[in-house]
file run_17.tsv (TSV, C-alpha atoms and all ligand atoms)
chain	number	residue	atom	x	y	z
A	1042	MET	CA	159.88	226.77	261.41
A	1043	LEU	CA	161.91	229.90	261.79
A	1044	SER	CA	164.54	230.39	264.45
A	1045	GLU	CA	162.79	231.86	267.53
A	1046	GLN	CA	165.40	234.61	267.60
A	1047	LEU	CA	163.88	236.09	264.46
A	1048	TYR	CA	160.37	236.61	265.84
A	1049	ARG	CA	161.09	239.84	267.69
A	1050	PRO	CA	163.13	241.60	264.96
A	1051	LEU	CA	160.58	240.65	262.28
A	1052	ALA	CA	157.75	241.98	264.47
A	1053	GLN	CA	159.74	245.18	265.03
A	1054	LYS	CA	160.24	245.55	261.27
A	1055	LEU	CA	156.45	245.47	260.76
A	1056	VAL	CA	155.84	247.91	263.64
A	1057	ASP	CA	158.40	250.28	262.09
A	1058	ALA	CA	156.82	249.91	258.65
A	1059	GLU	CA	153.48	251.01	260.11
A	1060	ARG	CA	155.01	253.91	262.03
A	1061	ASN	CA	157.09	255.15	259.08
A	1062	ARG	CA	154.27	254.35	256.65
A	1063	GLN	CA	156.86	252.61	254.53
A	1064	GLU	CA	155.85	249.36	252.88
A	1065	VAL	CA	158.28	246.42	253.18
A	1066	VAL	CA	158.99	243.27	251.19
A	1067	ARG	CA	156.88	240.36	252.45
A	1068	LEU	CA	158.66	238.23	255.04
A	1069	THR	CA	158.34	235.02	253.00
A	1070	ALA	CA	160.49	236.53	250.24
A	1071	GLU	CA	163.45	236.28	252.62
A	1072	HIS	CA	162.16	233.39	254.73
A	1073	PRO	CA	160.33	231.02	252.40
A	1074	ASP	CA	159.91	228.46	255.20
A	1075	LEU	CA	157.87	230.83	257.37
A	1076	SER	CA	154.92	228.78	258.67
A	1077	VAL	CA	151.47	229.82	259.89
A	1078	GLU	CA	152.66	229.09	263.43
A	1079	ASP	CA	155.68	231.37	262.87
A	1080	GLY	CA	153.26	234.04	261.65
A	1081	TYR	CA	151.30	233.90	264.91
A	1082	ARG	CA	154.51	233.92	266.97
A	1083	ILE	CA	155.62	237.10	265.17
A	1084	GLN	CA	152.13	238.57	265.67
A	1085	GLU	CA	152.37	237.83	269.41
A	1086	GLU	CA	155.65	239.74	269.55
A	1087	LEU	CA	154.06	242.61	267.62
A	1088	VAL	CA	151.19	242.77	270.15
A	1089	GLU	CA	153.77	242.79	272.95
A	1090	ILE	CA	155.70	245.67	271.35
A	1091	LYS	CA	152.48	247.68	270.98
A	1092	ARG	CA	151.62	247.01	274.64
A	1093	GLN	CA	155.06	248.22	275.67
A	1094	GLN	CA	154.40	251.37	273.66
A	1095	GLY	CA	151.34	251.94	275.83
A	1096	HIS	CA	148.63	250.73	273.45
A	1097	ARG	CA	145.73	248.56	274.53
A	1098	VAL	CA	143.87	245.87	272.57
A	1099	LEU	CA	140.44	247.25	271.64
A	1100	ALA	CA	139.12	244.27	269.68
A	1101	ALA	CA	139.99	240.89	268.25
A	1102	LYS	CA	139.37	240.41	264.56
A	1103	MET	CA	138.84	237.53	262.21
A	1104	GLY	CA	139.93	237.73	258.58
A	1105	PHE	CA	139.23	235.77	255.40
A	1106	THR	CA	135.90	234.50	256.68
A	1107	SER	CA	134.00	235.26	253.46
A	1108	ARG	CA	134.46	234.02	249.91
A	1109	ALA	CA	134.67	237.63	248.69
A	1110	LYS	CA	137.73	238.26	250.87
A	1111	MET	CA	139.41	234.91	250.25
A	1112	LYS	CA	139.06	235.32	246.50
A	1113	GLN	CA	140.23	238.91	246.49
A	1114	MET	CA	143.40	238.21	248.46
A	1115	ASN	CA	143.96	234.65	247.19
A	1116	VAL	CA	144.14	233.33	250.74
A	1117	HIS	CA	141.82	230.52	251.76
A	1118	GLU	CA	141.93	230.12	255.51
A	1119	PRO	CA	140.46	232.27	258.29
A	1120	ILE	CA	142.97	234.08	260.48
A	1121	TYR	CA	142.85	236.30	263.56
A	1122	GLY	CA	144.57	239.45	264.76
A	1123	TYR	CA	144.04	242.45	267.03
A	1124	ILE	CA	142.81	246.02	266.74
A	1125	PHE	CA	144.39	248.53	269.15
A	1126	ASP	CA	142.80	251.50	270.88
A	1127	TYR	CA	144.66	254.07	268.75
A	1128	MET	CA	143.10	252.53	265.62
A	1129	ALA	CA	139.55	253.62	266.46
A	1130	VAL	CA	138.49	256.69	264.46
A	1131	GLU	CA	135.83	258.75	266.18
A	1132	ASP	CA	135.39	261.95	264.19
A	1133	GLY	CA	134.29	260.54	260.83
A	1134	VAL	CA	137.56	261.51	259.14
A	1135	LEU	CA	140.19	259.04	257.97
A	1136	ASP	CA	143.56	260.78	257.76
A	1137	LEU	CA	145.75	259.39	254.99
A	1138	ASP	CA	148.99	260.84	256.26
A	1139	GLN	CA	149.61	257.93	258.64
A	1140	LEU	CA	148.60	255.17	256.24
A	1141	ILE	CA	150.21	253.37	253.27
A	1142	HIS	CA	147.48	252.08	250.90
A	1143	PRO	CA	144.29	251.73	252.97
A	1144	LYS	CA	141.19	249.80	251.95
A	1145	VAL	CA	137.76	249.66	253.58
A	1146	GLU	CA	135.52	246.66	254.23
A	1147	ALA	CA	132.13	246.25	255.93
A	1148	GLU	CA	131.77	243.91	258.89
A	1149	ILE	CA	129.55	242.90	261.80
A	1150	ALA	CA	131.04	243.03	265.30
A	1151	PHE	CA	130.05	241.21	268.49
A	1152	VAL	CA	130.39	242.15	272.15
A	1153	LEU	CA	130.33	239.23	274.56
A	1154	GLY	CA	128.23	239.17	277.72
A	1155	ARG	CA	130.16	236.24	279.15
A	1156	ASP	CA	133.35	234.24	278.64
A	1157	ILE	CA	133.53	231.58	275.97
A	1158	GLU	CA	136.22	228.98	275.91
A	1159	GLY	CA	136.90	226.49	273.11
A	1160	PRO	CA	137.35	223.91	271.79
A	1161	GLY	CA	133.99	222.84	270.42
A	1162	ILE	CA	132.24	226.22	270.64
A	1163	THR	CA	129.28	226.53	268.24
A	1164	GLY	CA	127.55	229.51	266.68
A	1165	ALA	CA	124.51	228.92	268.91
A	1166	GLN	CA	126.71	229.09	272.00
A	1167	VAL	CA	128.22	232.34	270.73
A	1168	LEU	CA	124.76	233.87	270.19
A	1169	ALA	CA	123.71	232.86	273.69
A	1170	ALA	CA	126.82	234.53	275.11
A	1171	THR	CA	126.53	237.73	273.01
A	1172	GLU	CA	125.53	240.96	274.72
A	1173	TYR	CA	125.05	242.90	271.49
A	1174	VAL	CA	126.12	243.28	267.89
A	1175	LEU	CA	127.11	246.44	266.03
A	1176	PRO	CA	128.25	247.48	262.56
A	1177	ALA	CA	131.91	248.15	261.84
A	1178	LEU	CA	133.98	249.44	258.94
A	1179	GLU	CA	137.47	248.08	259.07
A	1180	ILE	CA	140.35	249.91	257.41
A	1181	ILE	CA	143.04	247.43	256.45
A	1182	ASP	CA	146.49	248.65	255.41
A	1183	SER	CA	148.97	245.88	254.70
A	1184	ARG	CA	152.51	246.83	255.53
A	1185	TYR	CA	153.65	244.79	252.50
A	1186	GLU	CA	154.49	246.07	249.04
A	1187	ASN	CA	151.50	246.18	246.71
A	1188	PHE	CA	149.27	244.73	249.45
A	1189	GLN	CA	150.59	241.27	248.49
A	1190	PHE	CA	151.32	238.46	250.91
A	1191	THR	CA	150.95	234.79	251.76
A	1192	LEU	CA	148.99	233.48	254.74
A	1193	PRO	CA	151.96	233.48	257.21
A	1194	ASP	CA	152.95	237.00	256.07
A	1195	VAL	CA	149.54	238.53	256.72
A	1196	ILE	CA	149.23	236.79	260.10
A	1197	ALA	CA	152.62	238.21	261.13
A	1198	ASP	CA	151.43	241.66	259.98
A	1199	ASN	CA	148.56	241.50	262.47
A	1200	THR	CA	146.11	240.78	259.62
A	1201	SER	CA	146.64	244.25	258.08
A	1202	ALA	CA	144.79	245.89	261.02
A	1203	SER	CA	144.96	249.66	260.74
A	1204	ARG	CA	141.83	251.62	261.66
A	1205	VAL	CA	138.21	250.95	262.61
A	1206	PHE	CA	134.92	252.85	262.62
A	1207	LEU	CA	132.34	251.40	264.99
A	1208	GLY	CA	128.64	252.04	264.43
A	1209	PRO	CA	126.51	253.80	266.99
A	1210	ASN	CA	123.71	251.21	267.09
A	1211	LEU	CA	123.98	248.28	269.48
A	1212	LYS	CA	121.40	245.54	269.02
A	1213	LYS	CA	120.65	242.32	270.83
A	1214	PRO	CA	121.49	239.49	268.42
A	1215	GLY	CA	118.04	237.96	269.00
A	1216	ASP	CA	116.42	241.06	267.50
A	1217	LEU	CA	118.08	240.50	264.12
A	1218	GLU	CA	118.55	237.74	261.59
A	1219	LEU	CA	122.28	238.22	261.27
A	1220	ASP	CA	122.66	235.84	258.35
A	1221	LEU	CA	119.97	237.55	256.27
A	1222	LEU	CA	121.05	241.06	257.21
A	1223	GLY	CA	122.01	243.04	254.11
A	1224	VAL	CA	124.98	245.41	253.84
A	1225	THR	CA	125.89	247.98	251.18
A	1226	LEU	CA	129.13	249.87	250.75
A	1227	SER	CA	129.17	253.05	248.66
A	1228	ILE	CA	131.99	255.42	247.78
A	1229	ASN	CA	131.23	258.90	246.41
A	1230	GLY	CA	127.59	257.95	246.02
A	1231	GLN	CA	128.33	254.88	243.92
A	1232	LEU	CA	127.46	251.40	245.14
A	1233	LYS	CA	130.78	249.51	245.32
A	1234	ASP	CA	129.79	246.30	247.03
A	1235	LEU	CA	127.00	244.53	248.83
A	1236	GLY	CA	126.41	241.36	250.75
A	1237	ALA	CA	124.66	239.72	253.67
A	1238	GLY	CA	125.77	238.38	257.04
A	1239	ALA	CA	125.63	234.83	255.69
A	1240	ALA	CA	128.69	235.63	253.56
A	1241	VAL	CA	130.71	235.20	256.77
A	1242	LEU	CA	130.94	231.43	257.27
A	1243	GLY	CA	127.17	231.06	256.83
A	1244	HIS	CA	126.51	233.25	259.89
A	1245	PRO	CA	128.86	235.75	261.57
A	1246	ALA	CA	128.43	233.94	264.92
A	1247	HIS	CA	130.40	231.08	263.34
A	1248	SER	CA	133.34	233.43	262.96
A	1249	VAL	CA	133.36	234.19	266.71
A	1250	ALA	CA	133.03	230.46	267.44
A	1251	MET	CA	135.99	229.75	265.17
A	1252	LEU	CA	138.03	232.41	266.95
A	1253	ALA	CA	137.23	230.88	270.35
A	1254	ASN	CA	138.27	227.47	269.02
A	1255	MET	CA	141.49	228.80	267.45
A	1256	LEU	CA	142.44	230.63	270.67
A	1257	SER	CA	141.83	227.50	272.73
A	1258	ARG	CA	144.81	225.89	270.96
A	1259	LYS	CA	146.90	228.59	272.60
A	1260	GLY	CA	145.24	228.05	275.97
A	1261	ARG	CA	143.30	231.31	275.66
A	1262	LYS	CA	139.63	232.24	275.76
A	1263	LEU	CA	137.29	235.07	274.83
A	1264	LYS	CA	136.10	237.13	277.78
A	1265	LYS	CA	132.99	239.00	278.84
A	1266	GLY	CA	133.17	242.47	277.31
A	1267	ASP	CA	135.42	241.42	274.41
A	1268	LEU	CA	134.71	243.10	271.07
A	1269	ILE	CA	135.21	240.91	267.99
A	1270	LEU	CA	135.11	241.87	264.31
A	1271	THR	CA	133.90	238.86	262.35
A	1272	GLY	CA	135.54	239.63	258.97
A	1273	GLY	CA	134.71	241.45	255.75
A	1274	ILE	CA	131.31	240.62	254.28
A	1275	THR	CA	132.18	242.65	251.20
A	1276	GLY	CA	135.47	242.78	249.38
A	1277	ALA	CA	137.89	245.51	250.47
A	1278	HIS	CA	137.96	248.75	248.47
A	1279	GLN	CA	140.90	251.07	247.95
A	1280	LEU	CA	140.54	254.60	249.33
A	1281	ALA	CA	141.78	257.89	247.91
A	1282	GLU	CA	141.92	261.46	249.14
A	1283	GLY	CA	138.50	263.11	249.12
A	1284	ASP	CA	136.49	259.88	249.06
A	1285	VAL	CA	133.18	259.93	250.90
A	1286	VAL	CA	132.38	256.45	252.20
A	1287	SER	CA	128.96	255.31	253.34
A	1288	ALA	CA	127.92	251.85	254.47
A	1289	LYS	CA	124.49	250.68	255.56
A	1290	TRP	CA	123.44	247.61	257.52
A	1291	ASP	CA	119.80	246.44	257.72
A	1292	GLY	CA	118.59	247.13	261.24
A	1293	LEU	CA	121.98	248.38	262.42
A	1294	GLY	CA	122.16	251.82	260.82
A	1295	SER	CA	125.02	253.28	258.85
A	1296	ILE	CA	128.60	254.53	259.13
A	1297	ASP	CA	129.91	257.41	257.03
A	1298	PHE	CA	133.35	258.92	256.80
A	1299	VAL	CA	135.51	261.07	254.56
A	1300	VAL	CA	139.09	260.47	253.52
A	1301	ASN	CA	141.36	263.40	254.19
A	1302	ARG	CA	145.02	264.24	253.70
A	1303	PRO	CA	146.04	266.83	256.28
A	1304	GLN	CA	148.31	269.56	254.89
B	1	LIG	C1	143.88	240.85	255.71
B	1	LIG	C2	142.77	241.19	256.64
B	1	LIG	C3	141.51	240.40	256.37
B	1	LIG	C4	139.00	240.47	256.73
B	1	LIG	O1	138.04	241.03	257.25
B	1	LIG	O2	138.87	239.52	255.94
B	1	LIG	C5	140.35	240.96	257.09
B	1	LIG	C6	143.81	241.58	254.40
B	1	LIG	O3	142.87	241.38	253.63
B	1	LIG	O4	144.74	242.36	254.14
B	1	LIG	O5	140.43	241.83	257.91
B	2	MG	MG	138.52	242.79	258.24

call {"tool": "encode", "arguments": {"input": "run_17.tsv", "output": "structure tokens"}}
result
Amino acid sequence: MLSEQLYRPLAQKLVDAERNRQEVVRLTAEHPDLSVEDGYRIQEELVEIKRQQGHRVLAAKMGFTSRAKMKQMNVHEPIYGYIFDYMAVEDGVLDLDQLIHPKVEAEIAFVLGRDIEGPGITGAQVLAATEYVLPALEIIDSRYENFQFTLPDVIADNTSASRVFLGPNLKKPGDLELDLLGVTLSINGQLKDLGAGAAVLGHPAHSVAMLANMLSRKGRKLKKGDLILTGGITGAHQLAEGDVVSAKWDGLGSIDFVVNRPQ
């Protein structure tokens, strides 16, 4: 474990890296003993700093819930973090000037119709408590050099959360087979990746259940109205100026955006 006195300055370092769009050396290079628990303590400080800056949590997110993501990043355990209100992109344009080395990944998001409190929450309980599901494209942008990190590093860095595009279609989960639901991700008209809901822990509802159970260890619960991103179904794909990104979800419509660098 790290000395508690380091949590705040390390969180501030990551907040500054995001604001200055300046990548930093991963925390474990300097603090090899950094544990997963330390990572979450730093993340909590980071959330607190953002709140003090006037930002609001828009969504919770799970990460590393699919084999594609775990393999790509060489990290083998699901994690959670938070997406803030300023991260939502609404005009279909991703501006590169505030980002470091963004990647895009396709996900399924849930909105809860009632509270769920772990431990012991199951996917079936999540589905029963879900108001609707919607498609989401998450933009991740690690604050670490070369997008490289260990598990505690990426937890401290709020799971690389950076931007999010939310789809327009809200569906009742009972109207879809979320595990069999197919997803494609294309860039500049070329198919880059594809998958199905089952890639996420067998069914994306399991990801929400896992989040509820992880939060219960901290004495916290998921609440009615909470929005939760369940984790990349596809691998994450690097973005460059001028890219046109288009993702489609069976029964949930599509999300399109362009990547722009303002002059
Ligand atoms: C961490 C974020 C992982 C997901 O959906 O798996 C994540 C990263 O890959 O940098 O958001
Ligand atoms: Mg993600």

call {"tool": "residues_near_ligand", "arguments": {"input": "run_17.tsv", "ligand": "ligand MG 2 (chain B)", "cutoff": "12 Å", "atoms": "all atoms listed in the file", "output": "ChimeraX atom specification"}}
result
/A:1100-1107,1109-1111,1114,1119-1124,1143-1150,1177-1183,1195,1199-1206,1241,1248,1269-1278

call {"tool": "write_last_selection", "arguments": {"input": "run_17.tsv", "atoms": "C-alpha atoms", "output": "JSON list (two decimals), keeping the file's coordinate frame"}}
result
[["chain", "number", "residue", "atom", "x", "y", "z"],
["A", 1100, "ALA", "CA", 139.12, 244.27, 269.68],
["A", 1101, "ALA", "CA", 139.99, 240.89, 268.25],
["A", 1102, "LYS", "CA", 139.37, 240.41, 264.56],
["A", 1103, "MET", "CA", 138.84, 237.53, 262.21],
["A", 1104, "GLY", "CA", 139.93, 237.73, 258.58],
["A", 1105, "PHE", "CA", 139.23, 235.77, 255.40],
["A", 1106, "THR", "CA", 135.90, 234.50, 256.68],
["A", 1107, "SER", "CA", 134.00, 235.26, 253.46],
["A", 1109, "ALA", "CA", 134.67, 237.63, 248.69],
["A", 1110, "LYS", "CA", 137.73, 238.26, 250.87],
["A", 1111, "MET", "CA", 139.41, 234.91, 250.25],
["A", 1114, "MET", "CA", 143.40, 238.21, 248.46],
["A", 1119, "PRO", "CA", 140.46, 232.27, 258.29],
["A", 1120, "ILE", "CA", 142.97, 234.08, 260.48],
["A", 1121, "TYR", "CA", 142.85, 236.30, 263.56],
["A", 1122, "GLY", "CA", 144.57, 239.45, 264.76],
["A", 1123, "TYR", "CA", 144.04, 242.45, 267.03],
["A", 1124, "ILE", "CA", 142.81, 246.02, 266.74],
["A", 1143, "PRO", "CA", 144.29, 251.73, 252.97],
["A", 1144, "LYS", "CA", 141.19, 249.80, 251.95],
["A", 1145, "VAL", "CA", 137.76, 249.66, 253.58],
["A", 1146, "GLU", "CA", 135.52, 246.66, 254.23],
["A", 1147, "ALA", "CA", 132.13, 246.25, 255.93],
["A", 1148, "GLU", "CA", 131.77, 243.91, 258.89],
["A", 1149, "ILE", "CA", 129.55, 242.90, 261.80],
["A", 1150, "ALA", "CA", 131.04, 243.03, 265.30],
["A", 1177, "ALA", "CA", 131.91, 248.15, 261.84],
["A", 1178, "LEU", "CA", 133.98, 249.44, 258.94],
["A", 1179, "GLU", "CA", 137.47, 248.08, 259.07],
["A", 1180, "ILE", "CA", 140.35, 249.91, 257.41],
["A", 1181, "ILE", "CA", 143.04, 247.43, 256.45],
["A", 1182, "ASP", "CA", 146.49, 248.65, 255.41],
["A", 1183, "SER", "CA", 148.97, 245.88, 254.70],
["A", 1195, "VAL", "CA", 149.54, 238.53, 256.72],
["A", 1199, "ASN", "CA", 148.56, 241.50, 262.47],
["A", 1200, "THR", "CA", 146.11, 240.78, 259.62],
["A", 1201, "SER", "CA", 146.64, 244.25, 258.08],
["A", 1202, "ALA", "CA", 144.79, 245.89, 261.02],
["A", 1203, "SER", "CA", 144.96, 249.66, 260.74],
["A", 1204, "ARG", "CA", 141.83, 251.62, 261.66],
["A", 1205, "VAL", "CA", 138.21, 250.95, 262.61],
["A", 1206, "PHE", "CA", 134.92, 252.85, 262.62],
["A", 1241, "VAL", "CA", 130.71, 235.20, 256.77],
["A", 1248, "SER", "CA", 133.34, 233.43, 262.96],
["A", 1269, "ILE", "CA", 135.21, 240.91, 267.99],
["A", 1270, "LEU", "CA", 135.11, 241.87, 264.31],
["A", 1271, "THR", "CA", 133.90, 238.86, 262.35],
["A", 1272, "GLY", "CA", 135.54, 239.63, 258.97],
["A", 1273, "GLY", "CA", 134.71, 241.45, 255.75],
["A", 1274, "ILE", "CA", 131.31, 240.62, 254.28],
["A", 1275, "THR", "CA", 132.18, 242.65, 251.20],
["A", 1276, "GLY", "CA", 135.47, 242.78, 249.38],
["A", 1277, "ALA", "CA", 137.89, 245.51, 250.47],
["A", 1278, "HIS", "CA", 137.96, 248.75, 248.47]]

call {"tool": "residues_near_point", "arguments": {"input": "run_17.tsv", "point": "(133.7, 259.2, 262.6)", "cutoff": "7 Å", "atoms": "all atoms listed in the file", "output": "number ranges by chain"}}
result
A: 1130-1134, 1206, 1297-1298

call {"tool": "residues_around", "arguments": {"input": "run_17.tsv", "residues": "A:Lys1289", "least_positions_apart": "5", "cutoff": "8 Å", "atoms": "only C-alpha atoms", "output": "list in words"}}
result
Val1224, Thr1225, Leu1226, Gly1294, Ser1295 and Ile1296 of chain A

call {"tool": "closest_residue", "arguments": {"input": "run_17.tsv", "among": "A:Lys1091, A:Val1174, A:Leu1211, A:Val1286", "to": "A:Lys1233", "atoms": "all atoms listed in the file"}}
result
A:Val1286

call {"tool": "axis_aligned_box", "arguments": {"input": "run_17.tsv", "around": "stretch 1250-1256 of chain A", "padding_each_side": "3 Å", "output": "JSON"}}
result
{"center_x": 137.7, "center_y": 229.9, "center_z": 267.9, "size_x": 15.4, "size_y": 10.9, "size_z": 11.5}

call {"tool": "residues_around", "arguments": {"input": "run_17.tsv", "residues": "stretch 1154-1156 of chain A", "least_positions_apart": "6", "cutoff": "7 Å", "atoms": "all atoms listed in the file", "output": "list in words"}}
result
Ala1170, Thr1171, Glu1172, Leu1263, Lys1264, Lys1265 and Gly1266 of chain A

call {"tool": "atom_distance", "arguments": {"input": "run_17.tsv", "atom1": "atom C2 of ligand LIG 1 (chain B)", "atom2": "atom CA of A:Gln1094"}}
result
23.0 Å

call {"tool": "closest_residue", "arguments": {"input": "run_17.tsv", "among": "A:Gly1223, A:Gly1215, A:Pro1209, A:Gly1292", "to": "A:Leu1235", "atoms": "all atoms listed in the file"}}
result
A:Gly1223

call {"tool": "atom_distance", "arguments": {"input": "run_17.tsv", "atom1": "atom CA of A:Pro1073", "atom2": "atom CA of A:Phe1125"}}
result
29.0 Å

call {"tool": "closest_residue", "arguments": {"input": "run_17.tsv", "among": "A:Leu1280, A:Leu1140, A:Ile1090, A:Ile1196", "to": "ligand LIG 1 (chain B)", "atoms": "all atoms listed in the file"}}
result
A:Ile1196

call {"tool": "residues_around", "arguments": {"input": "run_17.tsv", "residues": "A:Asp1138", "least_positions_apart": "5", "cutoff": "12 Å", "atoms": "all atoms listed in the file", "output": "PyMOL selection string"}}
result
chain A and resi 1059-1063+1143+1281-1282+1300-1304

call {"tool": "closest_residue", "arguments": {"input": "run_17.tsv", "among": "A:His1142, A:Glu1078, A:Val1299, A:Leu1135", "to": "A:Glu1186", "atoms": "all atoms listed in the file"}}
result
A:His1142

call {"tool": "decode", "arguments": {"input": "run_17.tsv", "residues": "stretch 1294-1302 of chain A", "atoms": "all heavy atoms", "output": "PDB file, in the first residue's frame"}}
result
ATOM      1  N   GLY A1294     -29.880   0.684 -33.435  1.00  0.00           N
ATOM      2  CA  GLY A1294     -29.507   1.799 -34.305  1.00  0.00           C
ATOM      3  C   GLY A1294     -28.002   1.986 -34.408  1.00  0.00           C
ATOM      4  O   GLY A1294     -27.229   1.059 -34.161  1.00  0.00           O
ATOM      5  N   SER A1295     -27.605   3.194 -34.757  1.00  0.00           N
ATOM      6  CA  SER A1295     -26.184   3.431 -35.019  1.00  0.00           C
ATOM      7  C   SER A1295     -25.733   4.760 -34.436  1.00  0.00           C
ATOM      8  O   SER A1295     -26.554   5.619 -34.078  1.00  0.00           O
ATOM      9  CB  SER A1295     -25.932   3.400 -36.528  1.00  0.00           C
ATOM     10  OG  SER A1295     -26.762   4.338 -37.156  1.00  0.00           O
ATOM     11  N   ILE A1296     -24.429   4.908 -34.315  1.00  0.00           N
ATOM     12  CA  ILE A1296     -23.819   6.173 -33.889  1.00  0.00           C
ATOM     13  C   ILE A1296     -22.709   6.480 -34.892  1.00  0.00           C
ATOM     14  O   ILE A1296     -21.908   5.604 -35.218  1.00  0.00           O
ATOM     15  CB  ILE A1296     -23.215   6.075 -32.471  1.00  0.00           C
ATOM     16  CG1 ILE A1296     -24.292   5.713 -31.439  1.00  0.00           C
ATOM     17  CG2 ILE A1296     -22.537   7.392 -32.081  1.00  0.00           C
ATOM     18  CD1 ILE A1296     -23.755   5.536 -30.020  1.00  0.00           C
ATOM     19  N   ASP A1297     -22.704   7.709 -35.377  1.00  0.00           N
ATOM     20  CA  ASP A1297     -21.674   8.137 -36.327  1.00  0.00           C
ATOM     21  C   ASP A1297     -21.022   9.413 -35.803  1.00  0.00           C
ATOM     22  O   ASP A1297     -21.694  10.253 -35.223  1.00  0.00           O
ATOM     23  CB  ASP A1297     -22.312   8.471 -37.688  1.00  0.00           C
ATOM     24  CG  ASP A1297     -23.073   7.293 -38.241  1.00  0.00           C
ATOM     25  OD1 ASP A1297     -22.437   6.443 -38.873  1.00  0.00           O
ATOM     26  OD2 ASP A1297     -24.295   7.217 -38.011  1.00  0.00           O
ATOM     27  N   PHE A1298     -19.729   9.531 -36.048  1.00  0.00           N
ATOM     28  CA  PHE A1298     -19.086  10.815 -35.739  1.00  0.00           C
ATOM     29  C   PHE A1298     -17.853  11.005 -36.615  1.00  0.00           C
ATOM     30  O   PHE A1298     -17.362  10.048 -37.227  1.00  0.00           O
ATOM     31  CB  PHE A1298     -18.745  10.934 -34.248  1.00  0.00           C
ATOM     32  CG  PHE A1298     -17.632  10.053 -33.754  1.00  0.00           C
ATOM     33  CD1 PHE A1298     -16.303  10.464 -33.787  1.00  0.00           C
ATOM     34  CD2 PHE A1298     -17.911   8.803 -33.211  1.00  0.00           C
ATOM     35  CE1 PHE A1298     -15.285   9.659 -33.312  1.00  0.00           C
ATOM     36  CE2 PHE A1298     -16.897   7.990 -32.725  1.00  0.00           C
ATOM     37  CZ  PHE A1298     -15.579   8.416 -32.773  1.00  0.00           C
ATOM     38  N   VAL A1299     -17.397  12.242 -36.668  1.00  0.00           N
ATOM     39  CA  VAL A1299     -16.164  12.542 -37.401  1.00  0.00           C
ATOM     40  C   VAL A1299     -15.124  13.072 -36.419  1.00  0.00           C
ATOM     41  O   VAL A1299     -15.461  13.646 -35.373  1.00  0.00           O
ATOM     42  CB  VAL A1299     -16.392  13.569 -38.541  1.00  0.00           C
ATOM     43  CG1 VAL A1299     -17.337  13.011 -39.592  1.00  0.00           C
ATOM     44  CG2 VAL A1299     -16.919  14.881 -37.991  1.00  0.00           C
ATOM     45  N   VAL A1300     -13.876  12.851 -36.774  1.00  0.00           N
ATOM     46  CA  VAL A1300     -12.765  13.286 -35.921  1.00  0.00           C
ATOM     47  C   VAL A1300     -12.176  14.554 -36.535  1.00  0.00           C
ATOM     48  O   VAL A1300     -11.797  14.559 -37.706  1.00  0.00           O
ATOM     49  CB  VAL A1300     -11.685  12.190 -35.807  1.00  0.00           C
ATOM     50  CG1 VAL A1300     -10.552  12.632 -34.895  1.00  0.00           C
ATOM     51  CG2 VAL A1300     -12.315  10.881 -35.325  1.00  0.00           C
ATOM     52  N   ASN A1301     -12.097  15.586 -35.728  1.00  0.00           N
ATOM     53  CA  ASN A1301     -11.755  16.908 -36.230  1.00  0.00           C
ATOM     54  C   ASN A1301     -10.624  17.504 -35.394  1.00  0.00           C
ATOM     55  O   ASN A1301     -10.504  17.229 -34.208  1.00  0.00           O
ATOM     56  CB  ASN A1301     -13.025  17.775 -36.096  1.00  0.00           C
ATOM     57  CG  ASN A1301     -12.820  19.192 -36.570  1.00  0.00           C
ATOM     58  OD1 ASN A1301     -12.155  19.423 -37.569  1.00  0.00           O
ATOM     59  ND2 ASN A1301     -13.400  20.134 -35.847  1.00  0.00           N
ATOM     60  N   ARG A1302      -9.781  18.287 -36.054  1.00  0.00           N
ATOM     61  CA  ARG A1302      -8.786  19.049 -35.273  1.00  0.00           C
ATOM     62  C   ARG A1302      -9.031  20.539 -35.538  1.00  0.00           C
ATOM     63  O   ARG A1302      -8.707  21.027 -36.615  1.00  0.00           O
ATOM     64  CB  ARG A1302      -7.359  18.663 -35.660  1.00  0.00           C
ATOM     65  CG  ARG A1302      -6.301  19.327 -34.779  1.00  0.00           C
ATOM     66  CD  ARG A1302      -4.898  18.972 -35.219  1.00  0.00           C
ATOM     67  NE  ARG A1302      -4.591  17.563 -35.058  1.00  0.00           N
ATOM     68  CZ  ARG A1302      -4.299  16.986 -33.883  1.00  0.00           C
ATOM     69  NH1 ARG A1302      -4.279  17.688 -32.780  1.00  0.00           N
ATOM     70  NH2 ARG A1302      -4.033  15.704 -33.836  1.00  0.00           N
TER      71      ARG A1302
END
